[in-house]
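final-v9.txt follows (compact mmCIF, C-alpha atoms):
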# COMPACT_ATOMS: atom_id res chain seq x y z
CA MET L 414 22.05 -2.48 -83.11
CA LEU L 415 21.82 -5.21 -80.45
CA SER L 416 22.96 -8.66 -81.41
CA LEU L 417 20.87 -11.73 -80.69
CA THR L 418 23.49 -12.91 -78.23
CA SER L 419 23.79 -9.65 -76.30
CA PRO L 420 23.39 -9.85 -72.49
CA SER L 421 20.37 -7.49 -72.55
CA MET L 422 18.45 -9.85 -74.83
CA ALA L 423 19.30 -12.90 -72.73
CA TYR L 424 18.32 -11.09 -69.53
CA ILE L 425 14.63 -10.85 -70.46
CA PRO L 426 13.79 -14.59 -70.54
CA ILE L 427 15.90 -15.17 -67.42
CA VAL L 428 13.95 -12.52 -65.51
CA SER L 429 10.67 -13.93 -66.80
CA LEU L 430 11.56 -17.46 -65.69
CA TYR L 431 12.71 -16.15 -62.30
CA THR L 432 9.45 -14.22 -61.88
CA ILE L 433 7.37 -17.29 -62.74
CA LEU L 434 9.26 -19.41 -60.22
CA VAL L 435 8.82 -16.77 -57.50
CA VAL L 436 5.10 -16.43 -58.19
CA LEU L 437 4.56 -20.20 -58.19
CA SER L 438 6.54 -20.56 -54.95
CA LEU L 439 4.51 -17.83 -53.28
CA PHE L 440 1.20 -19.34 -54.37
CA ALA L 441 2.33 -22.73 -53.08
CA ALA L 442 3.35 -21.16 -49.77
CA VAL L 443 -0.02 -19.41 -49.49
CA GLY L 444 -1.85 -22.66 -50.22
CA VAL L 445 0.09 -24.54 -47.55
CA GLY L 446 -0.31 -21.65 -45.12
CA VAL L 447 -4.09 -21.51 -45.60
CA TRP L 448 -4.32 -25.28 -45.08
CA LEU L 449 -2.25 -25.14 -41.87
CA TRP L 450 -4.22 -22.13 -40.66
CA GLY L 451 -7.49 -23.93 -41.27
CA ASN L 452 -6.31 -26.92 -39.23
CA PHE L 453 -5.21 -24.62 -36.43
CA LEU L 454 -8.59 -22.87 -36.39
CA ASP L 455 -10.41 -26.20 -36.27
CA ARG L 456 -8.53 -27.07 -33.09
CA ASN L 457 -8.95 -23.65 -31.48
CA GLU L 458 -12.34 -22.57 -32.78
CA HIS L 459 -13.56 -21.36 -29.38
CA ASP L 460 -10.28 -19.86 -28.15
CA PRO L 461 -10.11 -16.33 -29.61
CA ALA L 462 -7.30 -15.33 -27.26
CA ARG L 463 -4.97 -17.99 -28.65
CA ILE L 464 -5.96 -17.19 -32.24
CA ARG L 465 -5.31 -13.51 -31.59
CA ALA L 466 -1.90 -14.33 -30.11
CA VAL L 467 -0.87 -16.29 -33.21
CA MET L 468 -2.05 -13.51 -35.53
CA PHE L 469 -0.12 -11.00 -33.43
CA LEU L 470 2.97 -13.18 -33.95
CA MET L 471 2.32 -13.10 -37.72
CA LEU L 472 2.04 -9.33 -37.66
CA SER L 473 5.26 -9.03 -35.67
CA VAL L 474 7.18 -11.32 -38.03
CA THR L 475 6.03 -9.53 -41.18
CA THR L 476 6.80 -6.13 -39.66
CA VAL L 477 10.30 -7.24 -38.68
CA TRP L 478 10.78 -8.64 -42.20
CA GLU L 479 9.78 -5.31 -43.74
CA LEU L 480 12.14 -3.40 -41.47
CA GLY L 481 14.83 -5.94 -42.31
CA ILE L 482 14.59 -5.50 -46.07
CA HIS L 483 14.66 -1.74 -45.52
CA ALA L 484 17.82 -2.06 -43.40
CA ALA L 485 19.32 -4.18 -46.18
CA GLY L 486 18.75 -1.33 -48.64
CA LEU L 487 16.02 -2.98 -50.69
CA THR L 488 13.48 -0.20 -50.06
CA ARG L 489 13.53 3.55 -49.72
CA GLY L 490 13.16 5.26 -46.37
CA TYR L 491 9.49 6.12 -46.46
CA THR L 492 8.40 2.51 -47.03
CA ALA L 493 9.48 1.58 -43.50
CA TRP L 494 7.33 4.38 -42.07
CA VAL L 495 4.39 3.30 -44.21
CA SER L 496 4.83 -0.28 -42.97
CA LEU L 497 4.82 0.81 -39.33
CA PHE L 498 1.83 3.09 -39.88
CA VAL L 499 -0.20 0.34 -41.58
CA ALA L 500 0.83 -2.25 -38.99
CA PHE L 501 -0.28 0.05 -36.15
CA TRP L 502 -3.49 1.56 -37.51
CA GLY L 503 -4.40 -1.51 -39.55
CA GLY L 504 -3.09 -4.82 -38.20
CA LEU L 505 -2.83 -3.98 -34.51
CA ASP L 506 -6.22 -2.26 -34.56
CA ALA L 507 -7.83 -5.34 -36.11
CA LEU L 508 -6.25 -7.69 -33.57
CA LEU L 509 -7.37 -5.60 -30.61
CA ARG L 510 -10.93 -5.73 -31.94
CA PHE L 511 -10.91 -9.44 -32.82
CA PRO L 512 -13.28 -11.37 -32.90
CA ALA L 513 -15.77 -8.54 -33.48
CA ALA L 514 -17.26 -8.69 -36.98
CA HIS L 515 -17.75 -5.63 -39.20
CA ASP L 516 -19.77 -5.03 -42.34
CA LEU L 517 -17.97 -4.53 -45.64
CA GLU L 518 -19.24 -0.95 -45.88
CA SER L 519 -18.13 -0.09 -42.34
CA PHE L 520 -15.32 2.35 -41.63
CA PHE L 521 -13.27 -0.58 -40.29
CA CYS L 522 -13.25 -2.43 -43.63
CA VAL L 523 -12.93 0.67 -45.80
CA LYS L 524 -10.01 1.88 -43.71
CA HIS L 525 -8.17 -1.42 -43.93
CA PHE L 526 -8.66 -1.67 -47.70
CA ALA L 527 -7.28 1.87 -48.08
CA LEU L 528 -4.28 1.06 -45.85
CA LEU L 529 -3.46 -2.12 -47.77
CA THR L 530 -3.68 -0.21 -51.04
CA LEU L 531 -1.41 2.50 -49.65
CA LYS L 532 1.15 -0.07 -48.54
CA THR L 533 1.08 -1.84 -51.90
CA LEU L 534 1.62 1.41 -53.79
CA ALA L 535 4.37 2.47 -51.40
CA TYR L 536 6.31 -0.72 -52.07
CA ALA L 537 5.58 -0.61 -55.80
CA VAL L 538 7.32 2.76 -56.11
CA GLY L 539 9.61 2.45 -53.10
CA MET L 540 11.72 -0.56 -54.08
CA ALA L 541 15.35 0.41 -54.63
CA GLY L 542 15.52 -1.31 -58.01
CA PHE L 543 12.17 -2.93 -58.70
CA ARG L 544 13.43 -5.57 -61.13
CA ALA L 545 16.40 -6.52 -58.99
CA HIS L 546 14.23 -6.97 -55.90
CA LEU L 547 11.09 -8.31 -57.53
CA ALA L 548 10.96 -11.34 -55.24
CA ALA L 549 10.91 -9.13 -52.13
CA PHE L 550 8.10 -7.00 -53.55
CA LEU L 551 6.01 -10.02 -54.53
CA THR L 552 6.52 -11.53 -51.08
CA VAL L 553 5.30 -8.35 -49.38
CA PHE L 554 2.40 -8.05 -51.84
CA VAL L 555 1.20 -11.63 -51.31
CA TYR L 556 1.24 -11.72 -47.52
CA THR L 557 -0.13 -8.17 -47.27
CA TRP L 558 -3.31 -9.24 -49.06
CA ALA L 559 -3.31 -12.77 -47.61
CA MET L 560 -3.43 -11.57 -44.00
CA PRO L 561 -7.00 -10.19 -44.28
CA VAL L 562 -8.07 -13.56 -45.70
CA LEU L 563 -6.57 -15.35 -42.69
CA TYR L 564 -8.27 -12.83 -40.40
CA ALA L 565 -11.64 -13.44 -42.06
CA MET L 566 -11.11 -17.21 -41.75
CA ALA L 567 -10.47 -16.79 -38.03
CA LEU L 568 -13.76 -15.01 -37.32
CA PRO L 569 -16.15 -17.35 -35.44
CA MET L 570 -18.92 -18.95 -37.47
CA ASP L 571 -21.44 -18.34 -34.70
CA PRO L 572 -22.61 -14.68 -34.77
CA CYS L 573 -22.99 -14.83 -30.99
CA GLU L 574 -19.22 -15.26 -30.70
CA GLN L 575 -18.40 -12.38 -33.08
CA VAL L 576 -18.36 -9.88 -30.24
CA LEU L 577 -15.90 -8.65 -27.64
CA ARG L 578 -16.41 -9.19 -23.93
CA ASN L 579 -16.80 -5.43 -23.65
CA ASP L 580 -18.39 -3.70 -26.64
CA ALA L 581 -16.79 -0.44 -25.50
CA ASN L 582 -13.44 -1.85 -26.69
CA ASP L 583 -14.69 -2.22 -30.26
CA VAL L 584 -13.37 1.21 -31.19
CA ASP L 585 -10.60 2.44 -33.43
CA ILE L 586 -7.11 2.25 -31.97
CA THR L 587 -6.72 6.02 -32.32
CA VAL L 588 -9.68 6.42 -29.94
CA ARG L 589 -8.01 4.04 -27.50
CA VAL L 590 -4.78 6.04 -27.60
CA TRP L 591 -6.66 9.29 -27.08
CA ARG L 592 -8.48 7.85 -24.07
CA LEU L 593 -5.19 6.72 -22.56
CA MET L 594 -3.74 10.19 -23.03
CA VAL L 595 -6.58 12.15 -21.45
CA ASN L 596 -8.15 9.72 -18.97
CA ARG L 597 -6.26 8.63 -15.85
CA HIS L 598 -8.71 5.80 -15.12
CA GLU L 599 -8.17 4.38 -18.61
CA ARG L 600 -4.41 4.35 -18.03
CA ARG L 601 -4.91 2.61 -14.69
CA ASN L 602 -7.21 -0.03 -16.19
CA CYS L 603 -4.76 -0.61 -19.03
CA TYR L 604 -1.91 -1.06 -16.55
CA VAL L 605 -3.91 -3.53 -14.47
CA LYS L 606 -4.90 -5.56 -17.55
CA CYS L 607 -1.35 -5.65 -18.91
CA ARG L 608 0.05 -6.64 -15.53
CA GLY L 609 -2.53 -9.40 -15.14
CA TRP L 610 -1.77 -10.71 -18.64
CA TRP L 611 1.96 -10.66 -17.91
CA TYR L 612 1.62 -12.60 -14.65
CA ARG L 613 -0.70 -15.15 -16.23
CA SER L 614 1.77 -15.68 -19.06
CA LEU L 615 4.63 -16.14 -16.60
CA ALA L 616 2.57 -18.60 -14.55
CA GLU L 617 1.72 -20.65 -17.62
CA ALA L 618 5.33 -20.65 -18.77
CA SER L 619 6.64 -21.64 -15.34
CA ASP L 620 4.18 -24.54 -15.14
CA LYS L 621 5.61 -25.89 -18.40
CA SER L 622 9.30 -25.27 -17.72
CA ILE L 623 11.30 -25.95 -14.55
CA LEU L 624 14.07 -23.65 -15.79
CA ILE L 625 11.69 -20.69 -16.18
CA ARG L 626 10.23 -21.43 -12.75
CA PHE L 627 13.73 -21.42 -11.23
CA VAL L 628 14.60 -18.10 -12.89
CA LEU L 629 11.35 -16.53 -11.68
CA CYS L 630 11.89 -17.73 -8.12
CA VAL L 631 15.45 -16.36 -8.11
CA GLY L 632 14.49 -13.00 -9.57
CA SER L 633 11.11 -12.42 -7.92
CA PRO L 634 10.45 -12.87 -4.18
CA GLU L 635 6.72 -12.72 -4.90
CA HIS L 636 6.89 -15.73 -7.23
CA ARG L 637 9.17 -17.55 -4.77
CA ARG L 638 6.63 -17.13 -1.96
CA PHE L 639 3.81 -18.22 -4.29
CA TYR L 640 5.53 -21.45 -5.33
CA THR L 641 6.68 -22.18 -1.78
CA LYS L 642 3.05 -22.02 -0.59
CA LYS L 643 2.00 -24.11 -3.56
CA VAL L 644 4.50 -26.85 -2.74
CA ARG L 645 3.51 -26.88 0.92
CA SER L 646 -0.16 -27.16 0.07
CA VAL L 647 0.59 -30.22 -2.07
Can you give me the file's structure in the form of structure tokens?
Amino acid sequence: MLSLTSPSMAYIPIVSLYTILVVLSLFAAVGVGVWLWGNFLDRNEHDPARIRAVMFLMLSVTTVWELGIHAAGLTRGYTAWVSLFVAFWGGLDALLRFPAAHDLESFFCVKHFALLTLKTLAYAVGMAGFRAHLAAFLTVFVYTWAMPVLYAMALPMDPCEQVLRNDANDVDITVRVWRLMVNRHERRNCYVKCRGWWYRSLAEASDKSILIRFVLCVGSPEHRRFYTKKVRSV
């Protein structure tokens, strides 16, 4: 018979108090995050590219976090693969198609709900000691289901803005990958777009930082010629 002062009896209220504190902290973090996200959207309402970039950063951080807790031994092996699968077919697919809107009964929404459910179940049964790592599971659970809310908040209010520049890009990411594999022109277009984005990003960064501009001029003759002409024109 267990005594009233046995460690197993004392462990229950301690775990309950710890769980309550974790849940309250997560809800507070979500509340602050939603408030900050709303302020950010108010300032960048008509800049979908910047909003997409920030959401891509969120996706990257959460994915790295999930791989990190797996590397620390908090989850079993298959959870990392589930995380990468959901991040690719779910999160990355949604960001590539932002700000296009989709009906709740569309394949896009049904697919994402199924992926989020799969991820939640994978972590529910894949924690290496559920009680010991309850905080990690609750953290993953909260931001997994909070991300779609932030995505919905980011969609433009004006229906005219809820479209992509090219409607042909509003396709599932698996279709995009297939096109890249079988179509040489698609690969060429993708390369040109990625290269243009990279050079624009470098140009913006160099305009804001003298150090980055110096590094670019040292490492790239093309950038050095560009800035030399720019200085002469001024």
For stretch 498-507 of chain L, list every protein, DNA or RNA residue within 10 Å, evaluated using all atoms listed in the file, and leave out those in the same chain fewer than 5 positions away; present the list as a PyMOL selection string.
chain L and resi 465+468-469+471-473+475-476+492-493+512-513+521-522+524-529+531-532+560-561+564+583-587+589
Near L:Phe453, within 12 Å and counting only C-alpha atoms, which residues show up once chain neighbours fewer than 4 positions away are dropped, as a PyMOL selection string?
chain L and resi 446-449+457-461+463-464+467-468+563+566-567
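When atom CA of L:Met570 is paired with atom CA of L:Val474, their separation reads 27.2 Å.
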Tell me, in Å to one decimal, how far atom CA of L:Leu509 is from atom CA of L:Gly490.
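So the two atoms, atom CA of L:Leu509 and atom CA of L:Gly490, lie 28.1 Å apart.
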Nearest to L:His515: which of L:Ala565, L:Ser614, L:Trp591, L:Val443 is it, counting only C-alpha atoms?
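Answer, going by the shortest atom-to-atom distance: L:Ala565.
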What is the distance between atom CA of L:Val495 and atom CA of L:Leu434, in Å to one decimal?
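It comes out at 28.2 Å.
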So that I can see what lies close to L:His546, please list as a JSON list (two decimals) with C-alpha atoms, in the frame of the given file the residues with an atom at most 10 Å from it, counting only C-alpha atoms and leaving out residues fewer than 4 positions away in the same chain.
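See selection20.json below for the written result:
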[["chain", "number", "residue", "atom", "x", "y", "z"],
["L", 482, "ILE", "CA", 14.59, -5.50, -46.07],
["L", 487, "LEU", "CA", 16.02, -2.98, -50.69],
["L", 488, "THR", "CA", 13.48, -0.20, -50.06],
["L", 540, "MET", "CA", 11.72, -0.56, -54.08],
["L", 541, "ALA", "CA", 15.35, 0.41, -54.63],
["L", 542, "GLY", "CA", 15.52, -1.31, -58.01],
["L", 550, "PHE", "CA", 8.10, -7.00, -53.55],
["L", 551, "LEU", "CA", 6.01, -10.02, -54.53]]
